[in-house]
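Peer 1: Have a peek at coords_20.cif (mmCIF, C-alpha atoms).
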```
data_input
loop_
_atom_site.label_atom_id
_atom_site.label_comp_id
_atom_site.auth_asym_id
_atom_site.auth_seq_id
_atom_site.Cartn_x
_atom_site.Cartn_y
_atom_site.Cartn_z
CA MET A 794 9.48 25.64 -6.36
CA ASP A 795 11.03 22.18 -6.39
CA ASN A 796 12.99 20.81 -9.35
CA GLN A 797 10.06 18.84 -10.80
CA ASN A 798 7.83 21.91 -10.75
CA SER A 799 10.65 24.02 -12.20
CA GLU A 800 10.83 21.65 -15.18
CA ARG A 801 7.04 21.80 -15.60
CA SER A 802 6.90 25.59 -15.54
CA ASN A 803 7.24 25.55 -19.35
CA VAL A 804 4.23 23.24 -19.77
CA ILE A 805 1.09 24.81 -21.22
CA ILE A 806 -1.97 22.72 -22.01
CA GLY A 807 -4.15 24.51 -24.54
CA SER A 808 -3.92 28.25 -24.98
CA TYR A 809 -5.50 31.39 -23.57
CA THR A 810 -5.65 34.92 -24.91
CA PRO A 811 -7.06 37.33 -22.33
CA PRO A 812 -9.62 39.95 -23.33
CA ASP A 813 -8.42 43.41 -24.30
CA GLU A 814 -9.11 46.51 -22.21
CA ASN A 815 -12.62 46.63 -23.67
CA GLY A 816 -13.39 43.04 -22.70
CA ASN A 817 -13.14 41.76 -26.27
CA GLY A 818 -10.97 39.15 -27.95
CA GLU A 819 -10.76 36.51 -25.23
CA ILE A 820 -9.84 33.16 -26.79
CA ILE A 821 -9.84 29.86 -24.89
CA LYS A 822 -8.46 26.77 -26.57
CA ARG A 823 -8.79 23.64 -24.44
CA VAL A 824 -6.85 20.42 -24.97
CA PHE A 825 -7.58 16.99 -23.54
CA PHE A 826 -5.52 16.32 -20.39
CA ARG A 827 -5.95 13.19 -18.24
CA GLN A 828 -9.76 13.41 -17.86
CA GLY A 829 -11.05 16.43 -19.70
CA LYS A 830 -10.47 19.34 -22.04
CA ILE A 831 -8.87 22.24 -20.17
CA PHE A 832 -6.45 25.12 -20.32
CA LYS A 833 -3.59 24.82 -17.82
CA ASP A 834 -0.42 26.91 -17.64
CA TYR A 835 2.17 25.73 -15.12
CA GLY A 836 4.42 28.74 -15.73
CA ALA A 837 1.60 31.16 -14.92
CA PHE A 838 0.80 29.28 -11.71
CA TYR A 839 4.39 29.08 -10.48
CA ASN A 840 5.88 32.30 -11.86
CA ASN A 841 3.09 34.80 -12.62
CA PRO A 842 0.40 34.43 -9.96
CA GLU A 843 -1.81 37.21 -11.40
CA GLU A 844 -2.09 35.53 -14.83
CA VAL A 845 -4.74 32.98 -15.73
CA CYS A 846 -3.32 29.51 -15.12
CA TYR A 847 -6.38 27.28 -15.32
CA ILE A 848 -9.76 27.07 -17.04
CA PRO A 849 -11.86 23.97 -16.35
CA GLU A 850 -13.84 21.91 -18.81
CA LEU A 851 -17.38 23.13 -19.58
CA SER A 852 -16.79 26.56 -18.02
CA ASP A 853 -15.19 29.85 -18.99
CA THR A 854 -14.31 30.63 -15.37
CA THR A 855 -10.66 31.64 -15.22
CA TYR A 856 -8.37 31.02 -12.28
CA THR A 857 -5.07 32.65 -11.42
CA GLY A 858 -2.42 31.20 -9.16
CA ASN A 859 -3.46 33.72 -6.53
CA ASN A 860 -7.10 32.51 -6.77
CA ILE A 861 -6.01 28.94 -6.12
CA ARG A 862 -3.64 29.96 -3.32
CA GLY A 863 -6.48 31.91 -1.69
CA MET A 864 -8.67 28.79 -1.72
CA CYS A 865 -5.91 27.04 0.22
CA ASN A 866 -5.36 29.56 3.05
CA ASN A 867 -2.41 30.90 1.02
CA GLN A 868 -0.55 27.72 1.94
CA GLU A 869 1.79 27.16 -0.99
CA ASP A 870 2.12 23.39 -0.55
CA MET A 871 -1.65 22.86 -0.55
CA ALA A 872 -2.18 25.22 -3.48
CA GLU A 873 0.47 23.36 -5.48
CA GLU A 874 -1.17 20.02 -4.71
CA LEU A 875 -4.58 21.32 -5.76
CA PHE A 876 -3.28 22.91 -8.96
CA GLU A 877 -1.26 19.84 -9.94
CA GLN A 878 -4.30 17.56 -9.65
CA LEU A 879 -6.73 19.72 -11.62
CA ASP A 880 -7.64 17.95 -14.84
CA TRP A 881 -11.24 18.93 -15.68
CA GLN A 882 -13.07 20.29 -12.63
CA HIS A 883 -13.27 23.61 -10.83
CA PRO A 884 -10.65 23.90 -8.07
CA GLU A 885 -13.38 24.61 -5.50
CA SER A 886 -15.05 21.29 -6.42
CA LEU A 887 -11.85 19.26 -6.14
CA LYS A 888 -10.98 20.86 -2.81
CA GLU A 889 -14.50 20.21 -1.46
CA ASP A 890 -14.29 16.60 -2.63
CA TRP A 891 -11.04 16.15 -0.73
CA LEU A 892 -12.54 17.73 2.41
CA VAL A 893 -15.68 15.56 2.23
CA THR A 894 -13.75 12.33 1.61
CA GLY A 895 -11.30 13.02 4.45
CA GLU A 896 -8.17 13.56 2.39
CA TRP A 897 -7.84 17.19 3.50
CA ASP A 898 -9.01 18.92 6.66
CA TYR A 899 -8.52 22.06 8.72
CA CYS A 900 -6.84 21.89 12.11
CA ASP A 901 -9.23 22.87 14.90
CA LYS A 902 -6.39 24.55 16.79
CA CYS A 903 -4.33 26.48 14.23
CA GLY A 904 -6.83 26.58 11.36
CA LYS A 905 -4.32 25.38 8.77
CA LEU A 906 -5.28 23.08 5.94
CA PHE A 907 -3.42 19.79 5.68
CA ASP A 908 -3.36 16.36 4.05
CA CYS A 909 -4.97 14.44 6.88
CA TYR A 910 -5.25 10.88 5.58
CA GLY A 911 -3.67 8.64 8.23
CA LYS A 912 -2.62 11.58 10.42
CA THR A 913 -3.08 11.71 14.19
CA LYS A 914 -1.48 15.14 14.67
CA CYS A 915 -1.61 18.42 12.82
CA PRO A 916 1.68 18.77 10.91
CA HIS A 917 1.68 22.54 11.56
CA CYS A 918 1.02 22.88 15.29
CA GLY A 919 1.24 19.29 16.54
CA SER A 920 -2.22 19.24 18.12
CA ASP A 921 -4.06 15.93 18.22
CA TYR A 922 -6.16 15.14 15.17
CA ASN A 923 -8.97 12.61 15.44
CA GLY A 924 -10.37 12.80 11.94
CA GLY A 925 -13.07 14.95 10.43
CA LYS A 926 -16.01 16.32 12.29
#
```
Please go through the file and, once you have read it, give me the structure as structure tokens.

Peer 2:
Amino acid sequence: MDNQNSERSNVIIGSYTPPDENGNGEIIKRVFFRQGKIFKDYGAFYNNPEEVCYIPELSDTTYTGNNIRGMCNNQEDMAEELFEQLDWQHPESLKEDWLVTGEWDYCDKCGKLFDCYGKTKCPHCGSDYNGGK
């Protein structure tokens, strides 16, 4: 975790109380952040990957740091970028938007996800990259 993220690890937007062992008592309090009302816990994302770190606007779907990392091939840098930019939407939607608009792509050779805007080579394996399919 870089210094900026270390400082942010104390930031919590809204609040979340998980359900008890019987599935009761879950409380979600969303607060407006950049574009929508959400719950977002930087400390949970960076330090407690099994805890809920994000709940989007208009949904009670909960996401842990491990959920978001899994969406990003368990590539920490990509998961951090995705988490940091979430401000109202589901992480799957934001990731798909970035793939469709050509900001992110998968390398045909190594299969890794990367920021591809303006790139001519995969930053992981060095193979040629000619843009999206």

Peer 1: Given the file shown, enumerate the residues that the PyMOL selection byres ((chain A and resi 911) around 10) captures and present them as a list in words.

Peer 2: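 That selection, the PyMOL selection byres ((chain A and resi 911) around 10), comes back as Gly895, Glu896, Asp908, Cys909, Tyr910, Lys912, Thr913, Lys914, Tyr922, Asn923 and Gly924 of chain A.
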
Peer 1: Quick one: write out the picked residues with C-alpha atoms as a PDB file, in the frame of the given file?

Peer 2:
```pdb
ATOM      1  CA  GLY A 895     -11.300  13.020   4.450  1.00  0.00           C
ATOM      2  CA  GLU A 896      -8.170  13.560   2.390  1.00  0.00           C
ATOM      3  CA  ASP A 908      -3.360  16.360   4.050  1.00  0.00           C
ATOM      4  CA  CYS A 909      -4.970  14.440   6.880  1.00  0.00           C
ATOM      5  CA  TYR A 910      -5.250  10.880   5.580  1.00  0.00           C
ATOM      6  CA  LYS A 912      -2.620  11.580  10.420  1.00  0.00           C
ATOM      7  CA  THR A 913      -3.080  11.710  14.190  1.00  0.00           C
ATOM      8  CA  LYS A 914      -1.480  15.140  14.670  1.00  0.00           C
ATOM      9  CA  TYR A 922      -6.160  15.140  15.170  1.00  0.00           C
ATOM     10  CA  ASN A 923      -8.970  12.610  15.440  1.00  0.00           C
ATOM     11  CA  GLY A 924     -10.370  12.800  11.940  1.00  0.00           C
TER      12      GLY A 924
END
```

Peer 1: Just say which residues the PyMOL selection byres ((chain A and resi 831-839) around 9) picks in this file, as a PyMOL selection string.

Peer 2: chain A and resi 794+798-799+801-809+821-826+829-830+840-851+857-859+861+873+876-877+879-882

Peer 1: For the residues in that selection, give me C-alpha atoms as a PDB file, in the frame of the given file.

Peer 2:
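Below you can see part-v9.pdb, which holds the result:
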```pdb
ATOM      1  CA  MET A 794       9.480  25.640  -6.360  1.00  0.00           C
ATOM      2  CA  ASN A 798       7.830  21.910 -10.750  1.00  0.00           C
ATOM      3  CA  SER A 799      10.650  24.020 -12.200  1.00  0.00           C
ATOM      4  CA  ARG A 801       7.040  21.800 -15.600  1.00  0.00           C
ATOM      5  CA  SER A 802       6.900  25.590 -15.540  1.00  0.00           C
ATOM      6  CA  ASN A 803       7.240  25.550 -19.350  1.00  0.00           C
ATOM      7  CA  VAL A 804       4.230  23.240 -19.770  1.00  0.00           C
ATOM      8  CA  ILE A 805       1.090  24.810 -21.220  1.00  0.00           C
ATOM      9  CA  ILE A 806      -1.970  22.720 -22.010  1.00  0.00           C
ATOM     10  CA  GLY A 807      -4.150  24.510 -24.540  1.00  0.00           C
ATOM     11  CA  SER A 808      -3.920  28.250 -24.980  1.00  0.00           C
ATOM     12  CA  TYR A 809      -5.500  31.390 -23.570  1.00  0.00           C
ATOM     13  CA  ILE A 821      -9.840  29.860 -24.890  1.00  0.00           C
ATOM     14  CA  LYS A 822      -8.460  26.770 -26.570  1.00  0.00           C
ATOM     15  CA  ARG A 823      -8.790  23.640 -24.440  1.00  0.00           C
ATOM     16  CA  VAL A 824      -6.850  20.420 -24.970  1.00  0.00           C
ATOM     17  CA  PHE A 825      -7.580  16.990 -23.540  1.00  0.00           C
ATOM     18  CA  PHE A 826      -5.520  16.320 -20.390  1.00  0.00           C
ATOM     19  CA  GLY A 829     -11.050  16.430 -19.700  1.00  0.00           C
ATOM     20  CA  LYS A 830     -10.470  19.340 -22.040  1.00  0.00           C
ATOM     21  CA  ASN A 840       5.880  32.300 -11.860  1.00  0.00           C
ATOM     22  CA  ASN A 841       3.090  34.800 -12.620  1.00  0.00           C
ATOM     23  CA  PRO A 842       0.400  34.430  -9.960  1.00  0.00           C
ATOM     24  CA  GLU A 843      -1.810  37.210 -11.400  1.00  0.00           C
ATOM     25  CA  GLU A 844      -2.090  35.530 -14.830  1.00  0.00           C
ATOM     26  CA  VAL A 845      -4.740  32.980 -15.730  1.00  0.00           C
ATOM     27  CA  CYS A 846      -3.320  29.510 -15.120  1.00  0.00           C
ATOM     28  CA  TYR A 847      -6.380  27.280 -15.320  1.00  0.00           C
ATOM     29  CA  ILE A 848      -9.760  27.070 -17.040  1.00  0.00           C
ATOM     30  CA  PRO A 849     -11.860  23.970 -16.350  1.00  0.00           C
ATOM     31  CA  GLU A 850     -13.840  21.910 -18.810  1.00  0.00           C
ATOM     32  CA  LEU A 851     -17.380  23.130 -19.580  1.00  0.00           C
ATOM     33  CA  THR A 857      -5.070  32.650 -11.420  1.00  0.00           C
ATOM     34  CA  GLY A 858      -2.420  31.200  -9.160  1.00  0.00           C
ATOM     35  CA  ASN A 859      -3.460  33.720  -6.530  1.00  0.00           C
ATOM     36  CA  ILE A 861      -6.010  28.940  -6.120  1.00  0.00           C
ATOM     37  CA  GLU A 873       0.470  23.360  -5.480  1.00  0.00           C
ATOM     38  CA  PHE A 876      -3.280  22.910  -8.960  1.00  0.00           C
ATOM     39  CA  GLU A 877      -1.260  19.840  -9.940  1.00  0.00           C
ATOM     40  CA  LEU A 879      -6.730  19.720 -11.620  1.00  0.00           C
ATOM     41  CA  ASP A 880      -7.640  17.950 -14.840  1.00  0.00           C
ATOM     42  CA  TRP A 881     -11.240  18.930 -15.680  1.00  0.00           C
ATOM     43  CA  GLN A 882     -13.070  20.290 -12.630  1.00  0.00           C
TER      44      GLN A 882
END
```

Peer 1: If I take atom CA of Gly919 of chain A and atom CA of Leu887 of chain A, how far is one from the other in Å, to one decimal?

Peer 2: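 Straight-line distance from atom CA of Gly919 of chain A to atom CA of Leu887 of chain A works out to 26.2 Å.
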
Peer 1: So how many Å separate atom CA of Pro884 of chain A and atom CA of Asn860 of chain A, to one decimal?

Peer 2: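 Between atom CA of Pro884 of chain A and atom CA of Asn860 of chain A the gap is 9.4 Å.
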
Peer 1: Write out as a ChimeraX atom specification the residues lying within 12 Å of Pro812 of chain A, counting all atoms listed in the file and excluding same-chain residues fewer than 5 positions away.

Peer 2: /A:817-821,845,855

Peer 1: Using all atoms listed in the file, pick whichever of A:Leu906, A:Met864, A:Cys900, A:Met871 has the shortest atom-to-atom distance to Ser886 of chain A.

Peer 2: A:Met864

Peer 1: Box along x, y and z, 6 Å on every side, all listed atoms of segment 828-842 of chain A inside: centre and edge lengths in Å to one decimal, as JSON.

Peer 2:
```
{"center_x": -2.6, "center_y": 24.1, "center_z": -16.0, "size_x": 28.9, "size_y": 33.4, "size_z": 24.1}
```
